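Below: my_file_15.txt (compact mmCIF, C-alpha atoms)
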# COMPACT_ATOMS: atom_id res chain seq x y z
CA MET A 25 172.90 52.31 -68.89
CA ASP A 26 172.46 53.71 -65.39
CA VAL A 27 169.26 53.83 -63.31
CA VAL A 28 168.84 56.67 -60.83
CA THR A 29 165.89 58.14 -58.99
CA SER A 30 164.66 61.67 -59.59
CA SER A 31 165.27 62.44 -55.91
CA GLU A 32 168.91 61.34 -56.25
CA ARG A 33 169.42 63.57 -59.30
CA PRO A 34 167.19 66.65 -58.92
CA ASP A 35 169.56 68.42 -61.30
CA LEU A 36 168.03 66.34 -64.12
CA GLU A 37 164.46 67.59 -63.56
CA ASP A 38 164.49 70.14 -66.39
CA GLU A 39 166.14 67.74 -68.83
CA ALA A 40 163.68 64.97 -68.04
CA GLY A 41 160.70 67.33 -68.25
CA ALA A 42 161.77 68.60 -71.66
CA ALA A 43 162.32 65.06 -72.93
CA PHE A 44 159.03 63.60 -71.76
CA ARG A 45 156.41 66.36 -71.69
CA VAL A 46 155.83 66.05 -75.45
CA LYS A 47 154.71 62.46 -74.89
CA TRP A 48 151.30 63.51 -73.57
CA PRO A 49 148.65 65.98 -74.78
CA GLU A 50 148.36 69.29 -72.95
CA PHE A 51 144.98 68.50 -71.40
CA ILE A 52 146.51 65.58 -69.47
CA PHE A 53 148.43 68.08 -67.35
CA HIS A 54 145.18 69.64 -66.15
CA ASP A 55 143.91 66.62 -64.25
CA PRO A 56 142.93 68.06 -60.82
CA ILE A 57 143.62 64.78 -58.99
CA ALA A 58 147.15 64.64 -60.35
CA LYS A 59 147.73 68.26 -59.39
CA GLN A 60 146.54 67.55 -55.86
CA TYR A 61 148.46 64.33 -55.29
CA VAL A 62 151.55 64.23 -57.49
CA ALA A 63 153.75 66.19 -55.07
CA GLN A 64 152.71 63.87 -52.24
CA VAL A 65 153.53 60.86 -54.40
CA ALA A 66 157.00 62.26 -55.08
CA GLU A 67 157.54 62.89 -51.38
CA ARG A 68 156.30 59.52 -50.12
CA PHE A 69 157.50 57.16 -52.87
CA PRO A 70 160.75 58.59 -54.32
CA GLN A 71 162.18 55.09 -54.82
CA TYR A 72 159.57 54.43 -57.52
CA ASP A 73 160.47 57.41 -59.75
CA VAL A 74 163.40 56.39 -61.94
CA LEU A 75 165.39 57.80 -64.81
CA LEU A 76 167.44 55.83 -67.32
CA LEU A 77 170.74 57.50 -68.23
CA ASP A 78 172.83 56.81 -71.31
CA GLU A 79 176.28 58.36 -70.88
CA GLY A 80 174.77 60.75 -68.35
CA ARG A 81 171.90 61.83 -70.60
CA VAL A 82 168.25 61.16 -69.72
CA VAL A 83 166.79 58.78 -72.30
CA ALA A 84 163.82 57.25 -70.47
CA GLY A 85 161.99 57.27 -67.19
CA GLY A 86 158.97 56.08 -65.31
CA TRP A 87 157.22 56.02 -61.99
CA GLY A 88 154.61 54.14 -60.05
CA VAL A 89 152.94 53.81 -56.67
CA PRO A 90 152.39 51.07 -54.05
CA ILE A 91 148.76 50.29 -53.21
CA ARG A 92 146.72 47.70 -51.39
CA TRP A 93 144.75 45.50 -53.81
CA ASP A 94 143.05 42.19 -53.05
CA GLY A 95 143.63 40.77 -56.55
CA THR A 96 140.04 41.04 -57.77
CA VAL A 97 138.70 43.16 -60.62
CA GLN A 98 136.10 44.56 -58.23
CA ASP A 99 138.81 46.01 -55.97
CA LEU A 100 140.77 47.74 -58.73
CA PRO A 101 141.06 51.54 -58.35
CA ASP A 102 139.09 53.67 -60.81
CA GLY A 103 142.24 54.03 -62.86
CA TYR A 104 145.19 56.43 -62.94
CA ASP A 105 143.55 58.94 -60.59
CA GLY A 106 142.21 56.25 -58.30
CA ALA A 107 145.57 54.51 -57.96
CA MET A 108 147.26 57.76 -56.99
CA VAL A 109 144.62 58.57 -54.38
CA ARG A 110 144.69 55.04 -52.93
CA ALA A 111 148.48 55.09 -52.68
CA VAL A 112 148.69 58.44 -50.88
CA GLU A 113 145.71 57.95 -48.59
CA GLY A 114 146.72 54.37 -47.85
CA HIS A 115 150.20 55.51 -46.87
CA GLN A 116 148.75 58.23 -44.66
CA GLY A 117 146.46 55.70 -43.00
CA GLY A 118 149.16 53.12 -42.40
CA VAL A 119 147.62 50.63 -44.84
CA HIS A 120 150.01 47.84 -45.84
CA ALA A 121 150.56 47.94 -49.61
CA THR A 122 150.57 44.66 -51.52
CA THR A 123 150.75 45.80 -55.13
CA PHE A 124 152.80 48.04 -57.37
CA SER A 125 150.99 50.09 -60.00
CA PHE A 126 152.88 51.58 -62.93
CA MET A 127 151.67 55.12 -63.53
CA ALA A 128 153.73 56.41 -66.45
CA VAL A 129 156.69 55.39 -68.60
CA ALA A 130 158.25 57.58 -71.26
CA VAL A 131 161.13 57.29 -73.71
CA GLY A 132 162.74 60.33 -75.30
CA ASN A 133 162.25 60.70 -79.05
CA SER A 134 165.98 60.30 -79.67
CA ALA A 135 165.97 56.90 -77.96
CA ALA A 136 162.82 55.39 -79.44
CA LYS A 137 162.65 51.76 -80.60
CA ARG A 138 165.49 50.60 -78.35
CA GLY A 139 163.36 48.69 -75.88
CA LEU A 140 164.01 51.24 -73.13
CA ALA A 141 160.41 51.26 -71.89
CA GLY A 142 160.88 47.61 -70.99
CA GLU A 143 164.11 48.43 -69.15
CA VAL A 144 162.36 51.13 -67.13
CA MET A 145 159.52 48.75 -66.23
CA THR A 146 162.00 46.03 -65.28
CA ALA A 147 163.84 48.44 -62.98
CA LEU A 148 160.60 49.45 -61.30
CA ARG A 149 159.38 45.86 -60.97
CA LEU A 150 162.65 44.91 -59.26
CA ARG A 151 162.26 47.75 -56.77
CA ALA A 152 158.68 46.68 -56.11
CA ALA A 153 159.74 43.07 -55.54
CA GLU A 154 162.51 44.15 -53.17
CA ALA A 155 159.88 46.07 -51.18
CA GLY A 156 157.73 42.94 -50.89
CA LEU A 157 155.02 44.02 -53.33
CA THR A 158 153.80 40.75 -54.80
CA GLN A 159 151.54 42.01 -57.61
CA VAL A 160 152.11 44.46 -60.47
CA ILE A 161 149.34 46.24 -62.39
CA ALA A 162 149.06 49.25 -64.69
CA PRO A 163 146.28 51.58 -65.90
CA LEU A 164 147.24 52.00 -69.56
CA ARG A 165 146.59 54.76 -72.10
CA PRO A 166 146.83 52.64 -75.28
CA THR A 167 148.88 54.40 -77.94
CA LEU A 168 146.53 53.74 -80.86
CA LYS A 169 143.25 54.34 -79.04
CA PRO A 170 143.03 58.04 -80.12
CA ARG A 171 142.57 56.77 -83.68
CA TYR A 172 139.37 55.03 -82.55
CA PRO A 173 137.72 57.47 -80.12
CA LEU A 174 134.23 56.10 -80.80
CA VAL A 175 135.18 52.51 -79.95
CA PRO A 176 134.66 51.38 -76.32
CA MET A 177 137.86 50.34 -74.57
CA THR A 178 136.39 46.90 -73.90
CA SER A 179 136.15 46.34 -77.66
CA PHE A 180 139.49 47.93 -78.52
CA ALA A 181 141.22 45.70 -75.96
CA THR A 182 140.13 42.58 -77.88
CA TRP A 183 141.67 43.65 -81.19
CA THR A 184 144.70 41.46 -81.89
CA ARG A 185 147.26 40.78 -84.57
CA SER A 186 147.88 37.41 -86.18
CA ASP A 187 150.34 36.53 -83.38
CA GLY A 188 147.61 36.95 -80.77
CA LEU A 189 149.07 40.11 -79.27
CA SER A 190 147.23 43.43 -79.18
CA ILE A 191 147.29 45.74 -82.19
CA ASP A 192 148.34 48.46 -79.76
CA PRO A 193 152.11 48.83 -79.20
CA TRP A 194 151.82 49.95 -75.57
CA ILE A 195 149.57 47.05 -74.65
CA ARG A 196 151.98 44.74 -76.50
CA ALA A 197 154.93 46.11 -74.53
CA HIS A 198 153.23 44.97 -71.33
CA GLN A 199 152.09 41.66 -72.83
CA ARG A 200 155.67 40.85 -73.78
CA MET A 201 156.56 41.27 -70.11
CA GLY A 202 153.90 38.72 -69.18
CA ALA A 203 150.96 41.05 -68.63
CA ALA A 204 147.34 40.10 -69.19
CA ILE A 205 144.37 42.40 -69.70
CA LEU A 206 142.12 42.64 -66.64
CA ALA A 207 139.40 45.21 -67.33
CA SER A 208 138.72 48.70 -68.57
CA CYS A 209 138.81 51.61 -66.13
CA PRO A 210 135.95 53.88 -67.27
CA ARG A 211 137.02 56.86 -65.12
CA SER A 212 140.80 56.60 -65.25
CA MET A 213 141.19 60.38 -65.47
CA VAL A 214 138.71 63.27 -65.50
CA MET A 215 139.59 66.72 -66.85
CA THR A 216 137.29 69.74 -66.83
CA GLY A 217 137.86 73.30 -67.98
CA THR A 218 136.18 76.29 -69.55
CA VAL A 219 135.53 76.26 -73.27
CA ALA A 220 138.36 78.74 -73.73
CA GLU A 221 140.71 76.50 -71.78
CA TRP A 222 139.82 73.49 -73.90
CA GLU A 223 140.33 75.53 -77.06
CA SER A 224 143.77 76.50 -75.74
CA TRP A 225 144.69 72.96 -74.72
CA THR A 226 143.64 71.42 -78.04
CA ASP A 227 144.24 74.23 -80.55
CA MET A 228 140.63 73.76 -81.70
CA VAL A 229 137.43 75.80 -81.63
CA PHE A 230 134.15 74.53 -80.17
CA PRO A 231 131.40 76.73 -81.64
CA GLU A 232 128.48 74.74 -80.24
CA THR A 233 127.51 72.26 -77.58
CA GLY A 234 128.34 68.65 -78.40
CA ALA A 235 130.81 65.76 -78.17
CA TYR A 236 134.06 66.36 -80.04
CA VAL A 237 136.90 64.23 -81.34
CA VAL A 238 140.07 65.81 -79.96
CA PRO A 239 143.65 64.93 -80.99
CA ASP A 240 145.28 62.43 -78.59
CA ALA A 241 142.10 61.90 -76.54
CA LEU A 242 141.06 58.26 -76.14
CA GLY A 243 137.37 59.21 -76.25
CA LEU A 244 135.17 62.23 -76.84
CA VAL A 245 135.29 65.59 -75.09
CA ASP A 246 131.87 66.95 -74.08
CA ILE A 247 131.48 70.69 -74.56
CA ASP A 248 128.61 72.61 -72.96
CA ARG A 249 128.56 76.17 -74.32
CA ALA A 250 125.66 77.27 -72.08
CA LYS A 251 127.53 76.25 -68.92
CA ASN A 252 130.93 77.22 -70.38
CA ILE A 253 132.48 73.91 -69.47
CA GLY A 254 134.22 71.04 -71.22
CA THR A 255 134.53 67.60 -69.65
CA TYR A 256 136.69 64.69 -70.67
CA VAL A 257 136.36 61.36 -68.88
CA GLU A 258 139.18 59.08 -70.03
CA GLU A 259 138.66 55.35 -70.13
CA GLY A 260 141.86 53.41 -69.55
CA LEU A 261 142.77 49.73 -69.47
CA TRP A 262 143.98 47.72 -66.49
CA VAL A 263 146.58 45.03 -67.08
CA GLN A 264 148.32 42.74 -64.58
CA HIS A 265 151.89 41.55 -64.90
CA ALA A 266 152.69 37.94 -64.15

Written as structure tokens, how would this file's structure read?
Amino acid sequence: MDVVTSSERPDLEDEAGAAFRVKWPEFIFHDPIAKQYVAQVAERFPQYDVLLLDEGRVVAGGWGVPIRWDGTVQDLPDGYDGAMVRAVEGHQGGVHATTFSFMAVAVGNSAAKRGLAGEVMTALRLRAAEAGLTQVIAPLRPTLKPRYPLVPMTSFATWTRSDGLSIDPWIRAHQRMGAAILASCPRSMVMTGTVAEWESWTDMVFPETGAYVVPDALGLVDIDRAKNIGTYVEEGLWVQHA
């Protein structure tokens, strides 16, 4: 298994995009903060955007950002969006980063259940350690949370199996690497769009104003027909790796 960066192998961009895009719902790709900052992240932190190759084929990948964090819950970024902003603006301002934040990890469907997510995270953690980043955190989108959109993240995070690990496989993947749950991030991502856009993104109809359960959303999507706007504020979960 080979580890390369996306910047080293730009020829793999289309293959990686096709393999991983299906891992997230369409509305995730309409986060305005991500649209504004993701190109800057790629430019400033190419060493933290890796692909895992099996016989030359992309099977997994992941990326993250370096940020300054003082180790307290109070100083955590808002979540996914906040970590991206802090990384880019901190870099621009010459702020010394102390912490690595995972942002996303994906495994292609053909390579599922092979432990490759852990290999990607290990590769990224090693790069972070080599750069002198002494702490590792992650704003998670728990895999099973869309099944419980009415349950607050703080409650969901306490649900465990008989072995004491989370019922959620993505939280468990981090726990098995020594991670502990820190806190929820109530505004990890915020997506807004017209009613028509939300109907397109979700393949649903929203005939009246209200809060809707939407496939793959961790919480509810608020639709306002009078203002022709839909808003989704995603609550994530911060964990810290040992």

Atomic distance atom CA of Phe124 of chain A - atom CA of Val160 of chain A, expressed in Å with one decimal: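 Computing the Euclidean distance for atom CA of Phe124 of chain A and atom CA of Val160 of chain A yields 4.8 Å.
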
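Going from atom CA of Ala204 of chain A to atom CA of Val237 of chain A covers 29.0 Å.
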
Test item: residues at most 8 Å from segment 56-59 of chain A, all atoms listed in the file, excluding those fewer than 5 positions along its chain, as number ranges by chain: A: 105, 108-109, 214-215

File of the preceding selection, C-alpha atoms, as a short mmCIF file (atom, residue, chain, number, x, y, z; two decimals), keeping the file's coordinate frame:
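Generated file (selection-v3.cif):
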data_model
loop_
_atom_site.label_atom_id
_atom_site.label_comp_id
_atom_site.auth_asym_id
_atom_site.auth_seq_id
_atom_site.Cartn_x
_atom_site.Cartn_y
_atom_site.Cartn_z
CA ASP A 105 143.55 58.94 -60.59
CA MET A 108 147.26 57.76 -56.99
CA VAL A 109 144.62 58.57 -54.38
CA VAL A 214 138.71 63.27 -65.50
CA MET A 215 139.59 66.72 -66.85
#

Closest of A:Val89, A:Ala147, A:Ala84, A:Leu174 to Ala130 of chain A - atom-to-atom distances counting only C-alpha atoms: A:Ala84

9 Å contact set for segment 63-78 of chain A, all atoms listed in the file, chain neighbours under 2 positions out, as a ChimeraX atom specification: /A:25-33,36,40,58-61,80-90,108,111-112,115,140,143-144,147-148,151-152

Report, in Å with one decimal, the straight-line distance from atom CA of Thr216 of chain A to atom CA of Arg249 of chain A. 13.2 Å

Pick out the closest residue to Ala266 of chain A from this set: A:Gly117, A:Gln159, A:Glu79, A:Val62. Count only C-alpha atoms.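 Ranked by minimum distance to Ala266 of chain A, first place goes to A:Gln159.
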
Counting all atoms listed in the file, figure out which residue out of A:Thr226, A:Thr123, A:Gln116, A:Ser190 gets nearest to Ile91 of chain A.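 Checking each of A:Thr226, A:Thr123, A:Gln116, A:Ser190 against Ile91 of chain A, counting all atoms listed in the file, the winner is A:Thr123.
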
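With only C-alpha atoms as the atoms that count, the residue of A:Ala220, A:Val131, A:Met213, A:Leu261 with the shortest distance to Asp192 of chain A is A:Leu261.
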
Of the candidates A:Ala107, A:Ile161, A:Cys209, A:Ile247, which one gets nearest to Pro176 of chain A if we count only C-alpha atoms?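 Checking each candidate against Pro176 of chain A, we get A:Cys209 as the closest.
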
Using all atoms listed in the file, which of A:Gly139, A:Gly243, A:Gly217, A:Gly118 sits nearest Asp55 of chain A?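 Closest candidate: A:Gly217.
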
May I ask you to restore N, CA and C atoms in segment 28-40 of chain A and write the result as a PDB file, in the frame of the given file?
ATOM      1  N   VAL A  28     168.809  55.819 -62.016  1.00  0.00           N
ATOM      2  CA  VAL A  28     168.840  56.670 -60.830  1.00  0.00           C
ATOM      3  C   VAL A  28     167.411  57.102 -60.527  1.00  0.00           C
ATOM      4  N   THR A  29     167.199  57.592 -59.316  1.00  0.00           N
ATOM      5  CA  THR A  29     165.890  58.140 -58.990  1.00  0.00           C
ATOM      6  C   THR A  29     165.927  59.651 -59.191  1.00  0.00           C
ATOM      7  N   SER A  30     164.754  60.219 -59.419  1.00  0.00           N
ATOM      8  CA  SER A  30     164.660  61.670 -59.590  1.00  0.00           C
ATOM      9  C   SER A  30     165.123  62.401 -58.332  1.00  0.00           C
ATOM     10  N   SER A  31     164.862  61.796 -57.160  1.00  0.00           N
ATOM     11  CA  SER A  31     165.270  62.440 -55.910  1.00  0.00           C
ATOM     12  C   SER A  31     166.790  62.424 -55.748  1.00  0.00           C
ATOM     13  N   GLU A  32     167.446  61.406 -56.304  1.00  0.00           N
ATOM     14  CA  GLU A  32     168.910  61.340 -56.250  1.00  0.00           C
ATOM     15  C   GLU A  32     169.559  62.348 -57.186  1.00  0.00           C
ATOM     16  N   ARG A  33     168.873  62.646 -58.296  1.00  0.00           N
ATOM     17  CA  ARG A  33     169.420  63.570 -59.300  1.00  0.00           C
ATOM     18  C   ARG A  33     168.415  64.679 -59.613  1.00  0.00           C
ATOM     19  N   PRO A  34     168.126  65.552 -58.642  1.00  0.00           N
ATOM     20  CA  PRO A  34     167.190  66.650 -58.920  1.00  0.00           C
ATOM     21  C   PRO A  34     167.689  67.599 -59.998  1.00  0.00           C
ATOM     22  N   ASP A  35     168.995  67.568 -60.258  1.00  0.00           N
ATOM     23  CA  ASP A  35     169.560  68.420 -61.300  1.00  0.00           C
ATOM     24  C   ASP A  35     169.075  68.023 -62.697  1.00  0.00           C
ATOM     25  N   LEU A  36     168.493  66.819 -62.814  1.00  0.00           N
ATOM     26  CA  LEU A  36     168.030  66.340 -64.120  1.00  0.00           C
ATOM     27  C   LEU A  36     166.560  66.653 -64.381  1.00  0.00           C
ATOM     28  N   GLU A  37     165.898  67.353 -63.446  1.00  0.00           N
ATOM     29  CA  GLU A  37     164.460  67.590 -63.560  1.00  0.00           C
ATOM     30  C   GLU A  37     164.097  68.304 -64.860  1.00  0.00           C
ATOM     31  N   ASP A  38     164.817  69.372 -65.181  1.00  0.00           N
ATOM     32  CA  ASP A  38     164.490  70.140 -66.390  1.00  0.00           C
ATOM     33  C   ASP A  38     164.738  69.311 -67.650  1.00  0.00           C
ATOM     34  N   GLU A  39     165.830  68.566 -67.660  1.00  0.00           N
ATOM     35  CA  GLU A  39     166.140  67.740 -68.830  1.00  0.00           C
ATOM     36  C   GLU A  39     165.090  66.660 -69.026  1.00  0.00           C
ATOM     37  N   ALA A  40     164.687  66.013 -67.939  1.00  0.00           N
ATOM     38  CA  ALA A  40     163.680  64.970 -68.040  1.00  0.00           C
ATOM     39  C   ALA A  40     162.336  65.556 -68.460  1.00  0.00           C
TER      40      ALA A  40
END
